[in-house]
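Data file: coords02.cif. Format and content: mmCIF, C-alpha atoms.
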```cif
data_input
#
loop_
_atom_site.label_atom_id
_atom_site.label_comp_id
_atom_site.auth_asym_id
_atom_site.auth_seq_id
_atom_site.Cartn_x
_atom_site.Cartn_y
_atom_site.Cartn_z
CA MET A 44 98.65 88.61 102.08
CA LEU A 45 98.24 85.80 99.61
CA LEU A 46 97.82 86.04 95.85
CA CYS A 47 96.11 83.27 93.89
CA ASP A 48 95.68 82.59 90.18
CA ILE A 49 93.05 79.92 89.55
CA GLY A 50 93.10 78.22 86.17
CA ASN A 51 91.21 75.22 84.83
CA THR A 52 93.38 72.72 86.70
CA SER A 53 95.03 74.39 89.71
CA TYR A 54 95.16 77.12 92.33
CA HIS A 55 98.55 78.84 91.94
CA PHE A 56 99.41 80.61 95.22
CA TYR A 57 102.09 83.20 95.98
CA ASP A 58 102.78 84.33 99.56
CA MET A 59 105.33 86.99 98.50
CA LYS A 60 108.14 84.50 99.16
CA HIS A 61 107.18 81.17 97.63
CA HIS A 62 104.69 79.98 95.07
CA TYR A 63 102.93 76.61 95.06
CA LYS A 64 99.98 74.85 93.44
CA LYS A 65 96.88 73.02 94.65
CA SER A 66 94.49 71.00 92.54
CA VAL A 67 91.19 72.66 91.58
CA SER A 68 89.45 69.30 92.00
CA ASP A 69 90.28 68.60 95.66
CA PHE A 70 91.55 71.76 97.38
CA ASP A 71 89.13 73.40 99.83
CA PRO A 72 89.57 77.22 99.73
CA SER A 73 87.66 77.69 103.01
CA ASN A 74 90.71 76.20 104.78
CA ILE A 75 92.50 79.51 104.21
CA THR A 76 91.69 82.19 106.75
CA LYS A 77 94.19 84.85 105.52
CA GLN A 78 93.20 87.59 103.09
CA VAL A 79 93.55 86.25 99.51
CA TYR A 80 93.46 88.37 96.37
CA TYR A 81 92.68 86.16 93.41
CA ILE A 82 91.81 85.88 89.77
CA CYS A 83 89.77 82.92 88.51
CA VAL A 84 88.80 81.47 85.14
CA HIS A 85 87.42 78.16 86.47
CA HIS A 86 83.67 78.80 86.55
CA PHE A 87 82.73 76.37 89.34
CA THR A 88 85.54 77.55 91.64
CA CYS A 89 84.71 81.23 90.98
CA LYS A 90 81.17 80.61 92.26
CA LYS A 91 82.50 78.90 95.38
CA LEU A 92 84.92 81.74 96.18
CA GLN A 93 82.16 84.35 96.05
CA GLN A 94 80.86 82.84 99.31
CA LEU A 95 84.16 83.38 101.14
CA SER A 96 84.60 86.91 102.53
CA ASN A 97 88.42 86.70 102.87
CA TRP A 98 88.78 85.85 99.15
CA LYS A 99 88.77 89.12 97.14
CA ASN A 100 88.37 88.97 93.37
CA ILE A 101 90.95 91.24 91.69
CA GLU A 102 88.72 91.38 88.62
CA THR A 103 86.60 94.03 90.38
CA PHE A 104 89.64 96.39 90.55
CA VAL A 105 90.59 96.11 86.86
CA ASP A 106 89.73 98.80 84.31
CA ARG A 107 88.12 96.48 81.75
CA THR A 108 87.50 99.33 79.25
CA LEU A 109 91.16 98.98 78.18
CA TYR A 110 90.48 95.40 77.07
CA TYR A 111 87.56 93.64 75.41
CA GLU A 112 84.44 92.36 77.09
CA THR A 113 84.96 88.61 77.00
CA MET A 114 88.75 88.68 77.48
CA GLY A 115 89.91 86.30 80.22
CA ILE A 116 91.03 87.97 83.45
CA ASP A 117 94.29 85.97 83.35
CA ARG A 118 95.20 87.57 80.01
CA ILE A 119 94.27 91.03 81.29
CA VAL A 120 96.34 90.70 84.45
CA ALA A 121 99.33 89.44 82.43
CA CYS A 122 99.05 92.51 80.18
CA GLU A 123 98.89 94.76 83.26
CA ALA A 124 102.31 93.39 84.28
CA ILE A 125 104.24 94.84 81.34
CA GLN A 126 104.72 98.10 79.42
CA ASN A 127 105.93 96.67 76.09
CA GLY A 128 106.11 93.16 74.76
CA VAL A 129 104.26 90.09 73.58
CA ILE A 130 103.02 87.68 76.23
CA VAL A 131 102.76 84.01 75.31
CA ASP A 132 100.80 82.13 77.99
CA ALA A 133 101.23 78.48 77.01
CA GLY A 134 98.73 76.35 78.92
CA SER A 135 95.71 74.25 77.93
CA ALA A 136 95.18 77.03 75.38
CA ILE A 137 97.95 79.35 74.22
CA THR A 138 97.08 83.04 74.40
CA VAL A 139 99.28 85.62 72.71
CA ASP A 140 98.79 89.27 73.68
CA VAL A 141 100.60 92.40 72.56
CA VAL A 142 101.15 95.45 74.77
CA LYS A 143 102.71 98.73 73.60
CA ASP A 144 103.37 101.64 75.96
CA GLY A 145 101.15 99.97 78.52
CA ILE A 146 98.21 99.70 76.09
CA PHE A 147 96.73 96.34 74.99
CA GLN A 148 96.99 96.10 71.17
CA GLY A 149 95.08 92.83 70.67
CA GLY A 150 95.87 89.15 70.75
CA PHE A 151 94.94 85.67 69.64
CA ILE A 152 94.24 82.17 70.97
CA ILE A 153 95.32 78.73 69.74
CA PRO A 154 95.03 75.24 71.26
CA GLY A 155 97.75 74.26 73.73
CA LYS A 156 100.27 71.45 73.15
CA GLN A 157 98.19 68.68 74.79
CA ALA A 158 94.93 69.60 73.05
CA TYR A 159 96.74 69.91 69.72
CA GLU A 160 98.31 66.45 70.07
CA ASN A 161 94.90 64.96 70.92
CA THR A 162 93.40 66.55 67.82
CA LEU A 163 96.02 65.10 65.52
CA LYS A 164 95.60 61.63 67.03
CA ASN A 165 91.82 61.86 66.56
CA ILE A 166 92.14 62.80 62.87
CA SER A 167 94.18 59.67 62.17
CA PRO A 168 96.29 57.22 64.22
CA ALA A 169 99.07 58.00 61.72
CA LEU A 170 99.17 61.54 63.13
CA LYS A 171 99.74 60.50 66.76
CA THR A 172 102.74 62.50 67.96
CA SER A 173 104.42 64.30 70.82
CA ILE A 174 105.31 67.85 69.78
CA ASN A 175 109.10 68.24 69.71
CA PHE A 176 110.06 71.81 70.59
CA ASN A 177 113.60 71.17 69.31
CA THR A 178 112.37 70.50 65.76
CA ASP A 179 114.46 72.26 63.10
CA LEU A 180 112.29 75.15 61.88
CA LYS A 181 114.85 76.40 59.35
CA ASN A 182 114.25 73.59 56.86
CA LEU A 183 110.99 72.08 55.61
CA PRO A 184 110.37 68.66 57.20
CA LYS A 185 110.83 65.40 55.35
CA ASN A 186 109.32 63.02 57.89
CA THR A 187 105.93 62.80 59.61
CA ALA A 188 107.06 63.59 63.19
CA ASP A 189 108.85 66.76 62.10
CA ALA A 190 105.98 67.67 59.75
CA LEU A 191 103.59 67.68 62.73
CA SER A 192 105.84 69.58 65.17
CA TYR A 193 106.81 72.08 62.47
CA GLY A 194 103.11 72.60 61.71
CA PHE A 195 102.40 73.49 65.32
CA LEU A 196 105.45 75.71 65.86
CA SER A 197 106.70 77.36 62.69
CA GLY A 198 103.74 79.60 61.79
CA LEU A 199 103.38 80.56 65.45
CA LYS A 200 107.05 81.57 65.57
CA LYS A 201 106.77 83.64 62.38
CA GLU A 202 103.59 85.31 63.66
CA ILE A 203 105.01 86.23 67.07
CA GLU A 204 108.42 87.31 65.81
CA SER A 205 106.75 89.58 63.22
CA TYR A 206 105.81 91.99 66.04
CA SER A 207 109.51 92.73 66.77
CA LEU A 208 108.83 93.04 70.50
CA ASP A 209 110.30 91.40 73.60
CA ILE A 210 108.69 88.00 74.15
CA ILE A 211 107.64 86.91 77.65
CA LEU A 212 106.69 83.26 78.13
CA THR A 213 104.50 82.02 80.95
CA GLY A 214 102.19 79.06 81.66
CA GLY A 215 102.84 75.33 81.94
CA ASN A 216 104.70 74.95 78.63
CA ALA A 217 106.78 78.14 78.92
CA GLN A 218 110.09 76.29 79.34
CA GLU A 219 109.46 74.18 76.25
CA MET A 220 108.39 77.24 74.26
CA GLN A 221 111.73 78.89 75.03
CA LYS A 222 113.41 76.34 72.76
CA VAL A 223 111.46 77.93 69.89
CA PHE A 224 111.79 81.57 70.97
CA GLU A 225 115.49 81.67 71.91
CA ALA A 226 115.50 85.37 72.84
CA ALA A 227 112.35 85.13 74.97
CA LYS A 228 112.26 85.36 78.75
CA VAL A 229 110.35 82.84 80.87
CA ASP A 230 108.44 84.49 83.71
CA GLU A 231 106.33 82.11 85.81
CA MET A 232 105.47 85.00 88.14
CA LEU A 233 104.07 87.29 85.43
CA LEU A 234 100.44 87.03 86.54
CA PHE A 235 101.38 87.72 90.17
CA LYS A 236 103.30 90.82 89.01
CA GLY A 237 100.20 91.99 87.17
CA MET A 238 98.01 91.29 90.19
CA LYS A 239 100.34 93.27 92.45
CA LYS A 240 100.29 96.19 90.00
CA VAL A 241 96.48 96.21 89.91
CA LEU A 242 96.33 96.17 93.73
CA LYS A 243 98.89 99.01 93.93
CA LYS A 244 96.89 101.11 91.41
CA ASN A 245 93.92 100.66 93.73
CA SER A 246 96.01 101.42 96.86
CA LEU A 247 95.40 97.95 98.29
CA MET B 163 89.39 54.64 32.12
CA LEU B 164 88.38 55.88 35.53
CA LEU B 165 90.57 57.63 38.10
CA CYS B 166 89.72 57.50 41.79
CA ASP B 167 91.13 59.29 44.84
CA ILE B 168 89.95 57.64 48.08
CA GLY B 169 90.21 59.70 51.25
CA ASN B 170 88.93 59.07 54.74
CA THR B 171 85.33 59.99 53.84
CA SER B 172 84.79 59.54 50.09
CA TYR B 173 85.70 58.00 46.77
CA HIS B 174 86.38 60.90 44.35
CA PHE B 175 85.97 59.66 40.77
CA TYR B 176 87.00 61.26 37.47
CA ASP B 177 85.97 59.75 34.13
CA MET B 178 87.99 62.29 32.06
CA LYS B 179 84.84 64.39 31.63
CA HIS B 180 83.11 64.67 34.99
CA HIS B 181 84.08 64.14 38.60
CA TYR B 182 81.80 62.92 41.37
CA LYS B 183 81.95 61.52 44.88
CA LYS B 184 80.70 58.39 46.67
CA SER B 185 80.73 57.73 50.39
CA VAL B 186 83.46 55.43 51.72
CA SER B 187 80.96 53.99 54.20
CA ASP B 188 78.34 52.65 51.75
CA PHE B 189 79.75 52.53 48.20
CA ASP B 190 80.55 49.05 46.88
CA PRO B 191 83.62 49.23 44.58
CA SER B 192 82.88 45.79 43.06
CA ASN B 193 79.95 47.40 41.23
CA ILE B 194 82.47 48.99 38.87
CA THR B 195 83.66 46.72 36.08
CA LYS B 196 85.77 49.28 34.16
CA GLN B 197 89.52 49.66 34.71
CA VAL B 198 90.07 52.02 37.66
CA TYR B 199 93.42 53.58 38.60
CA TYR B 200 93.27 54.74 42.18
CA ILE B 201 95.09 56.10 45.20
CA CYS B 202 93.82 55.32 48.69
CA VAL B 203 94.57 56.51 52.23
CA HIS B 204 91.56 54.84 53.89
CA HIS B 205 93.07 51.66 55.34
CA PHE B 206 89.93 49.49 55.33
CA THR B 207 89.01 50.43 51.75
CA CYS B 208 92.59 49.87 50.54
CA LYS B 209 92.41 46.27 51.79
CA LYS B 210 89.08 45.74 50.02
CA LEU B 211 90.36 47.09 46.70
CA GLN B 212 93.34 44.71 46.67
CA GLN B 213 90.82 41.91 46.01
CA LEU B 214 89.46 43.56 42.84
CA SER B 215 91.55 42.92 39.72
CA ASN B 216 90.17 45.88 37.73
CA TRP B 217 91.23 48.33 40.48
CA LYS B 218 94.95 49.25 40.00
CA ASN B 219 96.79 51.03 42.77
CA ILE B 220 98.78 53.95 41.32
CA GLU B 221 101.04 53.83 44.39
CA THR B 222 102.93 50.92 42.79
CA PHE B 223 103.96 53.19 39.86
CA VAL B 224 105.32 56.05 41.97
CA ASP B 225 109.04 56.59 42.58
CA ARG B 226 108.84 56.86 46.37
CA THR B 227 112.58 57.57 46.73
CA LEU B 228 111.83 61.20 45.82
CA TYR B 229 109.61 61.50 48.92
CA TYR B 230 109.78 60.17 52.46
CA GLU B 231 108.75 56.74 53.61
CA THR B 232 105.53 57.45 55.51
CA MET B 233 104.34 60.30 53.26
CA GLY B 234 100.69 59.87 52.22
CA ILE B 235 100.16 58.87 48.59
CA ASP B 236 97.67 61.75 48.17
CA ARG B 237 100.41 64.28 49.03
CA ILE B 238 102.87 62.55 46.70
CA VAL B 239 100.47 62.51 43.75
CA ALA B 240 99.63 66.19 44.33
CA CYS B 241 103.35 67.02 44.23
CA GLU B 242 103.72 65.01 41.00
CA ALA B 243 101.16 67.34 39.40
CA ILE B 244 103.29 70.50 39.57
CA GLN B 245 106.81 71.74 38.77
CA ASN B 246 106.96 74.71 41.16
CA GLY B 247 104.67 75.84 43.95
CA VAL B 248 103.23 75.18 47.35
CA ILE B 249 100.26 72.84 47.58
CA VAL B 250 97.77 73.38 50.38
CA ASP B 251 95.42 70.39 50.66
CA ALA B 252 92.76 71.53 53.13
CA GLY B 253 90.75 68.56 54.31
CA SER B 254 90.35 66.76 57.65
CA ALA B 255 94.03 67.56 58.03
CA ILE B 256 95.77 70.34 56.11
CA THR B 257 98.96 69.28 54.35
CA VAL B 258 101.33 71.87 52.93
CA ASP B 259 103.98 70.69 50.47
CA VAL B 260 106.63 72.59 48.55
CA VAL B 261 107.89 71.59 45.09
CA LYS B 262 110.77 73.31 43.26
CA ASP B 263 111.82 72.34 39.73
CA GLY B 264 109.76 69.19 40.08
CA ILE B 265 111.54 68.15 43.29
CA PHE B 266 109.73 67.78 46.64
CA GLN B 267 111.35 70.14 49.19
CA GLY B 268 109.42 69.09 52.31
CA GLY B 269 106.14 69.93 53.93
CA PHE B 270 104.09 70.02 57.10
CA ILE B 271 100.73 68.94 58.52
CA ILE B 272 98.20 70.75 60.74
CA PRO B 273 94.64 69.89 61.83
CA GLY B 274 91.86 70.81 59.40
CA LYS B 275 89.15 73.39 60.12
CA GLN B 276 86.63 70.96 61.62
CA ALA B 277 89.13 69.18 63.89
CA TYR B 278 90.55 72.52 65.01
CA GLU B 279 87.10 73.84 65.94
CA ASN B 280 86.38 70.67 67.92
CA THR B 281 89.64 71.06 69.82
CA LEU B 282 88.88 74.63 70.85
CA LYS B 283 85.39 73.66 72.01
CA ASN B 284 86.84 70.79 74.08
CA ILE B 285 89.35 73.07 75.84
CA SER B 286 86.56 75.36 77.04
CA PRO B 287 82.96 76.10 76.02
CA ALA B 288 84.09 79.76 75.84
CA LEU B 289 86.29 78.80 72.86
CA LYS B 290 83.47 77.29 70.77
CA THR B 291 83.70 78.95 67.36
CA SER B 292 83.30 78.61 63.62
CA ILE B 293 86.50 79.69 61.87
CA ASN B 294 85.83 82.83 59.81
CA PHE B 295 88.07 82.88 56.74
CA ASN B 296 87.21 86.56 56.18
CA THR B 297 88.78 87.58 59.51
CA ASP B 298 90.97 90.69 59.26
CA LEU B 299 94.54 89.38 59.50
CA LYS B 300 96.15 92.84 59.20
CA ASN B 301 95.22 93.94 62.73
CA LEU B 302 95.48 92.06 66.01
CA PRO B 303 92.04 90.88 67.20
CA LYS B 304 90.14 92.52 70.03
CA ASN B 305 87.33 90.01 70.44
CA THR B 306 87.22 86.26 71.10
CA ALA B 307 85.79 85.13 67.75
CA ASP B 308 88.45 87.00 65.78
CA ALA B 309 91.15 85.90 68.25
CA LEU B 310 90.33 82.25 67.47
CA SER B 311 90.06 82.60 63.67
CA TYR B 312 93.21 84.75 63.57
CA GLY B 313 95.02 82.10 65.63
CA PHE B 314 94.15 79.42 63.08
CA LEU B 315 94.89 81.48 59.97
CA SER B 316 97.49 84.18 60.50
CA GLY B 317 100.57 82.11 61.32
CA LEU B 318 99.65 79.69 58.53
CA LYS B 319 99.43 82.58 56.05
CA LYS B 320 102.80 84.00 57.15
CA GLU B 321 104.39 80.54 56.94
CA ILE B 322 103.07 79.73 53.46
CA GLU B 323 103.65 83.17 51.98
CA SER B 324 107.25 83.11 53.26
CA TYR B 325 108.11 80.58 50.50
CA SER B 326 107.35 83.17 47.76
CA LEU B 327 105.94 80.49 45.47
CA ASP B 328 102.66 80.05 43.61
CA ILE B 329 100.02 78.66 45.97
CA ILE B 330 97.67 75.89 44.79
CA LEU B 331 94.68 75.08 47.00
CA THR B 332 92.85 71.77 46.91
CA GLY B 333 90.66 69.67 49.25
CA GLY B 334 87.28 70.31 50.85
CA ASN B 335 88.11 73.72 52.32
CA ALA B 336 90.03 75.06 49.31
CA GLN B 337 87.39 77.68 48.42
CA GLU B 338 87.37 79.05 51.96
CA MET B 339 91.17 79.07 52.09
CA GLN B 340 91.23 81.28 48.99
CA LYS B 341 89.80 84.10 51.10
CA VAL B 342 93.07 84.00 53.07
CA PHE B 343 95.44 83.43 50.13
CA GLU B 344 94.06 85.94 47.62
CA ALA B 345 96.64 85.18 44.92
CA ALA B 346 96.24 81.40 45.22
CA LYS B 347 94.57 79.17 42.63
CA VAL B 348 91.97 76.59 43.60
CA ASP B 349 92.43 73.29 41.75
CA GLU B 350 90.00 70.53 42.74
CA MET B 351 91.47 68.32 40.00
CA LEU B 352 95.08 68.56 41.21
CA LEU B 353 95.31 64.95 42.40
CA PHE B 354 93.82 63.65 39.15
CA LYS B 355 96.43 65.68 37.21
CA GLY B 356 99.13 64.08 39.33
CA MET B 357 97.65 60.61 38.80
CA LYS B 358 97.54 61.14 35.02
CA LYS B 359 101.17 62.29 35.05
CA VAL B 360 102.28 59.20 36.97
CA LEU B 361 100.39 56.93 34.54
CA LYS B 362 101.94 58.74 31.55
CA LYS B 363 105.45 58.37 33.00
CA ASN B 364 104.75 54.66 33.22
CA SER B 365 103.25 54.57 29.67
CA LEU B 366 99.83 53.49 30.98
#
```
Could I get this structure in the form of structure tokens?
Amino acid sequence: MLLCDIGNTSYHFYDMKHHYKKSVSDFDPSNITKQVYYICVHHFTCKKLQQLSNWKNIETFVDRTLYYETMGIDRIVACEAIQNGVIVDAGSAITVDVVKDGIFQGGFIIPGKQAYENTLKNISPALKTSINFNTDLKNLPKNTADALSYGFLSGLKKEIESYSLDIILTGGNAQEMQKVFEAAKVDEMLLFKGMKKVLKKNSL
Amino acid sequence: MLLCDIGNTSYHFYDMKHHYKKSVSDFDPSNITKQVYYICVHHFTCKKLQQLSNWKNIETFVDRTLYYETMGIDRIVACEAIQNGVIVDAGSAITVDVVKDGIFQGGFIIPGKQAYENTLKNISPALKTSINFNTDLKNLPKNTADALSYGFLSGLKKEIESYSLDIILTGGNAQEMQKVFEAAKVDEMLLFKGMKKVLKKNSL
């Protein structure tokens, strides 16, 4: 069995031993003949996979009533993976979701690092920066670079730490985010854990 | 005497009775023959004004050693206007600056409302939104629209309120921001107050 999490840029596969990525733009899913259980948020790829009988969409096995209607399946599956905690999925967008006693409590969405940097640059060339996750967040900045990184990180840190829950980081910028949330755990396999749990619930 | 604050989109004039705006793109500053004291952050306009002898740049009268080298003159002049408080200037970018006993303590910069909305839309059409400043920030969101507005506002609110200082709102989105910072004061004339103070210090 193969699990696959398809985002806006890549297929992320897990064969129960190793995980690896393929580009959404050039990978042909019909090359795989094994059974694949997947989640997908990339609209065009989702459509393509519907034609392939060995690709099974995990979304159909999820109890969506516990979440909200338009909530991304990646967020839902991440929430399914844990009993208590706050999940920070730091990718092209950053989603933050809170789970208590296995119940989704709500969550929010902000732009990811790359998108945020592009925005600043577009407002003014003077605001061109690369977010520094090591920026001192204990003192107010007194230079432009720190002022921009602090702006991205400090409110987010205060918000997330206000929940007083374990923090689980996943997504492409998880390692960098750990510099800000020292006590947090990075778990690149979180979505696969959630997918496995959903399959188990459905005896698959 | 005329005061003028020139941003990226407009000349903001104050004649000691009324204030009014002119577009940076089509207003001709040489039409004014009166003495004008101004600050300017719009590079092209700044260059133009250097040629006009009746336009005096207030920047030359400011003690920059109290601030940092690349700090925008608009932020500096706003800080000069107050003794204690946190200034939130909500325009194309949002700058947040803290002043205690008349001394600048530091500050940070985040994208403004419009830029932030554009960013979300560019990440995914599913994230197209108009920030709602009335969003409930006491409970975690359970729908996409609230998740996006909460993401923009909640961390910012926690950050700014953590300073336990009076909050002064200025800039184009000041009125909307007041919905988030209930105890804050809106002061559209803050920069002019700062400019007057600088001129007084220099006996002008």
Spatial neighbours of Leu180 in chain A, 9 Å, only C-alpha atoms, chain gap at least 4 places, as a VMD selection string: chain A and resid 184 193 196 to 197 223
File dump, residues just selected, C-alpha atoms, as a PDB file, in the coordinates of the input:
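File produced: part30.pdb:
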```pdb
ATOM      1  CA  PRO A 184     110.370  68.660  57.200  1.00  0.00           C
ATOM      2  CA  TYR A 193     106.810  72.080  62.470  1.00  0.00           C
ATOM      3  CA  LEU A 196     105.450  75.710  65.860  1.00  0.00           C
ATOM      4  CA  SER A 197     106.700  77.360  62.690  1.00  0.00           C
ATOM      5  CA  VAL A 223     111.460  77.930  69.890  1.00  0.00           C
TER       6      VAL A 223
END
```
Enumerate, in order of chain and increasing residue number, the residues of chain A with an atom no farther than 6 Å from chain B, each with its shortest atom pair and distance in Å to one decimal, counting all atoms listed in the file, as a Markdown table.
```
| residue | atom | partner | partner_atom | distance |
| --- | --- | --- | --- | --- |
| A:Gly149 | CA | B:Leu302 | CA | 4.7 |
| A:Gly150 | CA | B:Pro303 | CA | 5.5 |
| A:Phe151 | CA | B:Ala309 | CA | 4.0 |
| A:Ile152 | CA | B:Leu310 | CA | 5.2 |
| A:Ile153 | CA | B:Gly313 | CA | 5.3 |
| A:Leu183 | CA | B:Gly268 | CA | 4.7 |
| A:Pro184 | CA | B:Gly268 | CA | 5.0 |
| A:Lys185 | CA | B:Gly268 | CA | 5.0 |
| A:Ala190 | CA | B:Phe270 | CA | 4.0 |
| A:Leu191 | CA | B:Ile271 | CA | 5.2 |
| A:Gly194 | CA | B:Ile272 | CA | 5.3 |
| A:Gly198 | CA | B:Gly317 | CA | 4.1 |
| A:Leu199 | CA | B:Gly317 | CA | 5.2 |
| A:Glu202 | CA | B:Gly317 | CA | 5.0 |
```
So which one's closest to Thr227 in chain B, B:Tyr176, B:Val198, B:Ile265, B:Gln212? Using all atoms listed in the file, please.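 The answer is B:Ile265, which sits nearest to Thr227 in chain B.
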Kindly resolve the PyMOL selection byres ((chain A and resi 119) around 10) on the present coordinates and return the residues as a PyMOL selection string. chain A and resi 102+105-107+109-111+114-118+120-124+140+147+234+237-238
Could you tell me which residues the PyMOL selection byres ((chain B and resi 164-168) around 7) returns for this structure, as a list in words?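 On this input, the PyMOL selection byres ((chain B and resi 164-168) around 7) captures Met163, Gly169, Asn170, Ser172, Tyr173, His174, Phe175, Tyr176, Asp177, Gln197, Val198, Tyr199, Tyr200, Ile201, Cys202, Val203, His204 and Phe354 of chain B.
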Expressed in Å, the length from CA of Asn294 in chain B to CA of Ile330 in chain B is 20.3 Å
Quote the spacing between CA of Gln340 in chain B and CA of Thr297 in chain B in Å to one decimal place. 12.5 Å
One number please: CA of Ile194 in chain B to CA of Ile220 in chain B, in Å, one decimal. 17.2 Å
Evaluated on this file, the PyMOL selection byres ((chain A and resi 144) around 10) picks out some residues - which ones are they, written as a list in words? Ile125, Gln126, Asn127, Gly128, Val142, Lys143, Gly145, Ile146, Phe147 and Gln148 of chain A
Between B:Val360, B:Ala252, B:Met351, B:Leu214, which has the minimum distance to Gln337 in chain B (counting only C-alpha atoms)?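 Using only C-alpha atoms, the shortest distance to Gln337 in chain B belongs to B:Ala252.
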Using all atoms listed in the file for the distances, tell me which of B:Met178, B:Tyr325, B:Asp251, B:His205 is nearest to Val348 in chain B. B:Asp251
Block slice range 245-257 of chain B, N, CA and C atoms, emitted as an mmCIF file, in the first residue's frame:
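Contents of part00.cif, freshly written:
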```cif
data_model
loop_
_atom_site.group_PDB
_atom_site.id
_atom_site.type_symbol
_atom_site.label_atom_id
_atom_site.label_comp_id
_atom_site.auth_asym_id
_atom_site.auth_seq_id
_atom_site.Cartn_x
_atom_site.Cartn_y
_atom_site.Cartn_z
ATOM 1 N N GLN B 245 4.653 61.151 23.839
ATOM 2 C CA GLN B 245 5.604 60.883 24.926
ATOM 3 C C GLN B 245 5.600 59.394 25.282
ATOM 4 N N ASN B 246 4.386 58.819 25.334
ATOM 5 C CA ASN B 246 4.231 57.406 25.689
ATOM 6 C C ASN B 246 3.123 56.795 24.848
ATOM 7 N N GLY B 247 3.373 55.603 24.322
ATOM 8 C CA GLY B 247 2.306 54.926 23.595
ATOM 9 C C GLY B 247 2.837 54.057 22.478
ATOM 10 N N VAL B 248 1.920 53.359 21.844
ATOM 11 C CA VAL B 248 2.268 52.576 20.662
ATOM 12 C C VAL B 248 1.482 53.140 19.480
ATOM 13 N N ILE B 249 2.217 53.468 18.431
ATOM 14 C CA ILE B 249 1.612 54.060 17.232
ATOM 15 C C ILE B 249 1.426 52.967 16.187
ATOM 16 N N VAL B 250 0.199 52.820 15.722
ATOM 17 C CA VAL B 250 -0.086 51.875 14.644
ATOM 18 C C VAL B 250 -0.468 52.690 13.419
ATOM 19 N N ASP B 251 0.415 52.737 12.426
ATOM 20 C CA ASP B 251 0.147 53.488 11.202
ATOM 21 C C ASP B 251 -0.259 52.482 10.133
ATOM 22 N N ALA B 252 -1.571 52.397 9.882
ATOM 23 C CA ALA B 252 -2.116 51.344 9.020
ATOM 24 C C ALA B 252 -2.374 51.874 7.625
ATOM 25 N N GLY B 253 -1.379 51.698 6.767
ATOM 26 C CA GLY B 253 -1.484 52.110 5.372
ATOM 27 C C GLY B 253 -1.141 50.943 4.464
ATOM 28 N N SER B 254 -0.412 51.223 3.361
ATOM 29 C CA SER B 254 -0.027 50.140 2.447
ATOM 30 C C SER B 254 0.838 49.114 3.182
ATOM 31 N N ALA B 255 1.651 49.592 4.103
ATOM 32 C CA ALA B 255 2.259 48.720 5.114
ATOM 33 C C ALA B 255 1.707 49.182 6.462
ATOM 34 N N ILE B 256 1.799 48.338 7.460
ATOM 35 C CA ILE B 256 1.418 48.743 8.818
ATOM 36 C C ILE B 256 2.701 48.806 9.633
ATOM 37 N N THR B 257 2.996 49.994 10.165
ATOM 38 C CA THR B 257 4.158 50.124 11.040
ATOM 39 C C THR B 257 3.666 50.281 12.469
#
```
